[in-house]
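One file, query-v3.csv, carrying CSV, C-alpha atoms:
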chain,number,residue,atom,x,y,z
A,97,MET,CA,0.0,0.0,0.0
A,98,GLY,CA,2.9,2.3,0.6
A,99,ARG,CA,4.1,2.3,-3.0
A,100,PRO,CA,1.1,4.0,-4.7
A,101,ARG,CA,1.4,6.7,-2.0
A,102,LYS,CA,5.0,7.3,-3.0
A,103,PHE,CA,4.1,7.6,-6.6
A,104,GLU,CA,1.3,10.1,-5.8
A,105,VAL,CA,3.6,12.2,-3.7
A,106,GLU,CA,6.1,12.3,-6.6
A,107,GLN,CA,3.4,13.5,-9.0
A,108,VAL,CA,2.3,16.2,-6.6
A,109,LEU,CA,5.8,17.4,-6.1
A,110,GLU,CA,6.3,17.6,-9.9
A,111,ALA,CA,3.1,19.6,-10.3
A,112,ALA,CA,4.0,21.9,-7.4
A,113,ARG,CA,7.6,22.3,-8.7
A,114,ASP,CA,6.3,23.5,-12.1
A,115,GLN,CA,4.2,26.2,-10.4
A,116,PHE,CA,7.0,27.4,-8.2
A,117,TRP,CA,9.4,27.3,-11.1
A,118,GLU,CA,7.1,29.3,-13.4
A,119,LYS,CA,6.0,32.0,-10.9
A,120,GLY,CA,8.4,31.9,-8.0
A,121,TYR,CA,7.7,31.2,-4.4
A,122,ALA,CA,6.0,34.4,-3.4
A,123,ALA,CA,3.8,34.7,-6.5
A,124,THR,CA,2.6,31.1,-6.2
A,125,SER,CA,-0.7,31.0,-4.3
A,126,LEU,CA,-2.4,28.1,-2.5
A,127,ASP,CA,-5.1,28.2,-5.2
A,128,ASP,CA,-2.3,27.7,-7.9
A,129,LEU,CA,-1.0,24.7,-6.0
A,130,MET,CA,-4.4,23.2,-5.5
A,131,ARG,CA,-5.3,23.6,-9.2
A,132,ALA,CA,-1.9,22.2,-10.4
A,133,THR,CA,-1.9,19.2,-8.0
A,134,GLY,CA,-5.6,18.4,-8.0
A,135,LEU,CA,-5.5,18.3,-4.2
A,136,GLY,CA,-7.6,20.3,-1.8
A,137,LYS,CA,-6.1,22.5,0.9
A,138,GLY,CA,-6.6,19.8,3.6
A,139,SER,CA,-4.9,17.1,1.6
A,140,LEU,CA,-1.9,19.3,0.8
A,141,TYR,CA,-1.4,20.4,4.3
A,142,ALA,CA,-1.9,16.9,5.7
A,143,ALA,CA,0.8,15.6,3.3
A,144,PHE,CA,3.3,18.5,3.5
A,145,GLY,CA,2.4,20.8,6.4
A,146,ASP,CA,2.1,24.2,4.7
A,147,LYS,CA,3.2,26.0,1.5
A,148,ARG,CA,6.8,26.6,2.7
A,149,GLN,CA,7.3,22.9,3.7
A,150,LEU,CA,5.9,21.9,0.3
A,151,PHE,CA,8.3,24.3,-1.3
A,152,LEU,CA,11.3,22.8,0.6
A,153,ALA,CA,10.2,19.3,-0.4
A,154,VAL,CA,10.2,20.5,-4.0
A,155,LEU,CA,13.7,21.9,-3.7
A,156,ASP,CA,15.0,18.7,-2.2
A,157,ALA,CA,13.5,16.7,-5.0
A,158,TYR,CA,14.9,19.1,-7.6
A,159,ALA,CA,18.4,19.1,-6.0
A,160,ALA,CA,18.4,15.3,-6.1
A,161,TRP,CA,17.4,15.4,-9.8
A,162,ARG,CA,20.2,17.9,-10.6
A,163,LEU,CA,22.8,15.7,-9.0
A,164,GLU,CA,21.5,12.6,-10.8
A,165,VAL,CA,21.6,14.3,-14.2
A,166,MET,CA,25.1,15.7,-13.6
A,167,ARG,CA,26.4,12.3,-12.5
A,168,ALA,CA,24.9,10.7,-15.6
A,169,ALA,CA,26.5,13.4,-17.9
A,170,LEU,CA,29.9,12.8,-16.3
A,171,ASP,CA,29.7,9.0,-16.2
A,172,GLY,CA,31.2,6.8,-18.9
A,173,GLU,CA,34.2,4.8,-20.0
A,174,ALA,CA,36.0,7.7,-21.8
A,175,LYS,CA,38.9,9.5,-20.2
A,176,ALA,CA,37.9,12.0,-17.6
A,177,ILE,CA,39.1,15.0,-19.6
A,178,ASP,CA,37.0,13.9,-22.6
A,179,ARG,CA,33.9,13.5,-20.3
A,180,LEU,CA,34.5,17.1,-19.1
A,181,ARG,CA,34.7,18.3,-22.7
A,182,HIS,CA,31.5,16.5,-23.5
A,183,LEU,CA,29.7,18.1,-20.5
A,184,PHE,CA,30.6,21.6,-21.7
A,185,GLN,CA,29.5,20.8,-25.2
A,186,LEU,CA,26.1,19.8,-23.8
A,187,ALA,CA,26.0,23.2,-21.9
A,188,ALA,CA,26.5,25.0,-25.2
A,189,ARG,CA,23.4,23.5,-26.8
A,190,PRO,CA,20.1,25.4,-27.2
A,191,PRO,CA,18.1,25.7,-23.9
A,192,GLU,CA,15.6,22.9,-24.7
A,193,THR,CA,18.4,20.3,-24.8
A,194,THR,CA,20.3,21.4,-21.7
A,195,LEU,CA,19.7,20.7,-18.1
A,196,GLY,CA,16.5,22.3,-16.9
A,197,ASP,CA,14.7,24.6,-19.3
A,198,THR,CA,14.2,28.2,-20.3
A,199,ARG,CA,12.9,29.1,-16.9
A,200,GLY,CA,16.4,28.7,-15.5
A,201,CYS,CA,17.7,26.7,-12.6
A,202,LEU,CA,15.0,26.4,-9.9
A,203,LEU,CA,17.7,26.3,-7.2
A,204,VAL,CA,19.3,29.5,-8.5
A,205,ASN,CA,16.0,31.2,-8.9
A,206,SER,CA,14.9,30.3,-5.4
A,207,THR,CA,18.2,31.3,-3.9
A,208,ALA,CA,18.0,34.7,-5.5
A,209,GLU,CA,14.4,35.2,-4.3
A,210,LEU,CA,14.7,33.8,-0.8
A,211,ALA,CA,18.2,33.1,0.5
A,212,SER,CA,18.6,36.6,2.1
A,213,HIS,CA,15.9,35.8,4.6
A,214,ASP,CA,15.4,32.0,4.5
A,215,PRO,CA,18.5,30.2,5.9
A,216,GLU,CA,17.0,26.7,5.0
A,217,VAL,CA,16.9,27.7,1.3
A,218,ARG,CA,20.4,29.1,1.5
A,219,THR,CA,21.7,25.9,3.1
A,220,ARG,CA,20.0,23.7,0.5
A,221,ALA,CA,21.6,25.7,-2.3
A,222,ARG,CA,25.0,25.7,-0.7
A,223,GLU,CA,24.9,21.9,-0.1
A,224,THR,CA,23.7,21.2,-3.6
A,225,PHE,CA,26.3,23.3,-5.3
A,226,ALA,CA,29.0,21.8,-3.0
A,227,ALA,CA,27.9,18.3,-4.2
A,228,LEU,CA,28.1,19.5,-7.8
A,229,GLU,CA,31.6,20.9,-7.2
A,230,ASP,CA,32.6,17.5,-5.7
A,231,LEU,CA,31.6,15.8,-9.0
A,232,PHE,CA,33.9,18.1,-10.9
A,233,VAL,CA,36.7,17.6,-8.4
A,234,GLU,CA,36.4,13.8,-8.6
A,235,LEU,CA,36.6,14.0,-12.4
A,236,LEU,CA,39.7,16.3,-12.3
A,237,GLU,CA,41.4,13.9,-9.9
A,238,GLN,CA,40.8,11.1,-12.4
A,239,ALA,CA,42.3,13.3,-15.1
A,240,ARG,CA,45.3,13.9,-12.9
A,241,ALA,CA,45.7,10.2,-12.3
A,242,GLU,CA,45.4,9.5,-16.0
A,243,GLY,CA,48.3,11.9,-16.7
A,244,ASP,CA,46.2,14.6,-18.4
A,245,LEU,CA,46.9,17.0,-15.6
A,246,PRO,CA,50.2,17.6,-13.7
A,247,PRO,CA,50.6,15.8,-10.3
A,248,GLY,CA,50.4,19.2,-8.5
A,249,THR,CA,47.1,20.3,-10.0
A,250,ASP,CA,44.7,21.7,-7.4
A,251,ALA,CA,41.6,19.8,-8.4
A,252,ARG,CA,39.4,21.7,-5.8
A,253,GLU,CA,40.4,25.1,-7.2
A,254,LEU,CA,39.8,24.0,-10.8
A,255,GLY,CA,36.5,22.2,-9.8
A,256,ARG,CA,35.1,25.5,-8.4
A,257,LEU,CA,36.1,27.3,-11.6
A,258,LEU,CA,34.4,24.7,-13.8
A,259,LEU,CA,31.3,24.7,-11.7
A,260,THR,CA,31.1,28.5,-12.0
A,261,VAL,CA,31.6,28.5,-15.8
A,262,HIS,CA,29.2,25.6,-16.3
A,263,GLN,CA,26.4,27.4,-14.3
A,264,GLY,CA,27.1,30.6,-16.2
A,265,MET,CA,26.9,28.8,-19.6
A,266,GLU,CA,23.6,27.3,-18.7
A,267,PHE,CA,22.2,30.7,-17.7
A,268,LEU,CA,23.6,32.3,-20.9
A,269,ALA,CA,22.1,29.6,-23.1
A,270,LYS,CA,18.7,30.3,-21.6
A,271,THR,CA,19.0,34.0,-22.6
A,272,GLY,CA,19.5,33.0,-26.2
A,273,MET,CA,23.3,33.4,-26.5
A,274,GLU,CA,24.5,31.9,-29.8
A,275,ARG,CA,25.8,28.3,-29.6
A,276,GLU,CA,29.1,29.2,-31.2
A,277,ALA,CA,29.8,31.8,-28.4
A,278,LEU,CA,28.9,29.3,-25.7
A,279,GLU,CA,31.1,26.7,-27.3
A,280,ARG,CA,34.1,29.1,-27.2
A,281,ILE,CA,33.4,29.7,-23.5
A,282,GLY,CA,33.4,26.0,-22.9
A,283,GLU,CA,36.6,25.5,-24.9
A,284,ALA,CA,38.3,28.3,-23.0
A,285,ALA,CA,37.3,26.6,-19.7
A,286,ILE,CA,38.9,23.3,-20.7
A,287,GLU,CA,41.9,25.2,-22.0
A,288,LYS,CA,42.3,26.7,-18.6
A,289,VAL,CA,42.1,23.3,-17.0
A,290,LEU,CA,44.8,21.9,-19.4
A,291,GLY,CA,46.9,25.1,-19.4
A,292,ALA,CA,49.1,23.9,-16.6
A,293,ALA,CA,49.8,20.5,-18.3
A,294,PRO,CA,53.3,20.1,-19.8
A,295,ALA,CA,52.0,18.9,-23.2
A,296,CYS,CA,49.6,21.8,-23.5
A,297,ARG,CA,52.4,24.3,-22.6
A,298,GLU,CA,54.6,22.8,-25.2
A,299,ALA,CA,51.9,23.0,-27.9
A,300,LYS,CA,51.3,26.6,-27.0
A,301,GLY,CA,55.0,27.3,-27.3
A,302,ARG,CA,55.1,25.7,-30.8
A,303,ARG,CA,52.1,27.8,-31.9
A,304,ARG,CA,53.8,31.0,-30.7
A,305,GLN,CA,57.0,30.1,-32.6
A,306,THR,CA,55.1,29.6,-35.8
With the file now loaded, output its structure as structure tokens.
Amino acid sequence: MGRPRKFEVEQVLEAARDQFWEKGYAATSLDDLMRATGLGKGSLYAAFGDKRQLFLAVLDAYAAWRLEVMRAALDGEAKAIDRLRHLFQLAARPPETTLGDTRGCLLVNSTAELASHDPEVRTRARETFAALEDLFVELLEQARAEGDLPPGTDARELGRLLLTVHQGMEFLAKTGMEREALERIGEAAIEKVLGAAPACREAKGRRRQT
């Protein structure tokens, strides 16, 4: 009997997520949520407590989804540096083919709207982006172990840089920036990562000499 209940909750969270994502937390009314989920006020409150608790549950589900999608994008048998390249190529695609959609990242939107006065939202955002950063760091450590980065490479520093660039690319893609420009940003980020590698320095030197 518990499994149908779980499925129902997931459906409700998705419907509520789309409302919050479209209008923001403050502009989403209880009537909006009732209409979107098909549940009455009593059922919503019985399941989630109140509007804020429902919103926090939506954020938790969204954050878990973001991490799952990022892990899938970075997974594979290819070398770590090639998987990084692929991730930035994905970020340069038109909005409908990247993570999320043209409404932007729900976590970023919510942080901008609420973090200044809601510590729980701020904490959720910080923890989620820290987990995303860890995924970049893990891949950079693999690239270092595979010899594509020097032994002394600071994977944490580069991971933070790549996370920042990747988030910025997703935002810029949703504003309509041309794919070619986004691809150049992604290439510059990977070039920055490889810039300290001996092979890359030698190649740069040869280009300058010619």
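Residues surrounding A:Leu163 within 8 Å are Thr224, Ala227 and Leu228 of chain A [all atoms listed in the file; sequence separation below 6 positions excluded].
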Distance criterion (only C-alpha atoms): nearest to A:Phe267 out of A:Lys137, A:His182, A:Arg189, A:Lys119: A:Arg189
Among listed residues A:Ala123, A:Val217, A:Ala277, A:Ile286, nearest A:Leu152 (using only C-alpha atoms):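 For A:Leu152, the nearest of the candidates is A:Val217.
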Distance of atom CA of A:Val289 from atom CA of A:Arg181, expressed in Å to one decimal place: 10.6 Å
d(atom CA of A:Asp244, atom CA of A:Arg275) in Å: 27.0 Å
Best match for closeness to A:Arg256 among A:Ala241, A:Leu236, A:Ala168, A:Ile281, counting all atoms listed in the file: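 Counting all atoms listed in the file, the residue closest to A:Arg256 is A:Leu236.
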For stretch 201-207 of chain A: contacts at 7 Å, only C-alpha atoms, fewer than 2 positions along chain excluded, given as a VMD selection string: chain A and resid 117 155 196 199 209 to 211 217 to 218 221
Counting all atoms listed in the file, the option among A:Asp156, A:Glu106, A:Glu287, A:Glu223 closest to A:Leu258: A:Glu287
Residues near A:Val261, cut-off 12 Å, all atoms listed in the file, skip fewer than 2 positions along chain, as a list in words: Leu183, Phe184, Ala187, Ala188, Glu229, Phe232, Leu254, Gly255, Arg256, Leu257, Leu258, Leu259, Gln263, Gly264, Met265, Glu266, Phe267, Leu268, Leu278, Glu279, Arg280, Ile281, Gly282, Glu283, Ala284, Ala285, Ile286, Lys288 and Val289 of chain A
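You will find atom CA of A:Ala143 at 26.5 Å from atom CA of A:Arg222.
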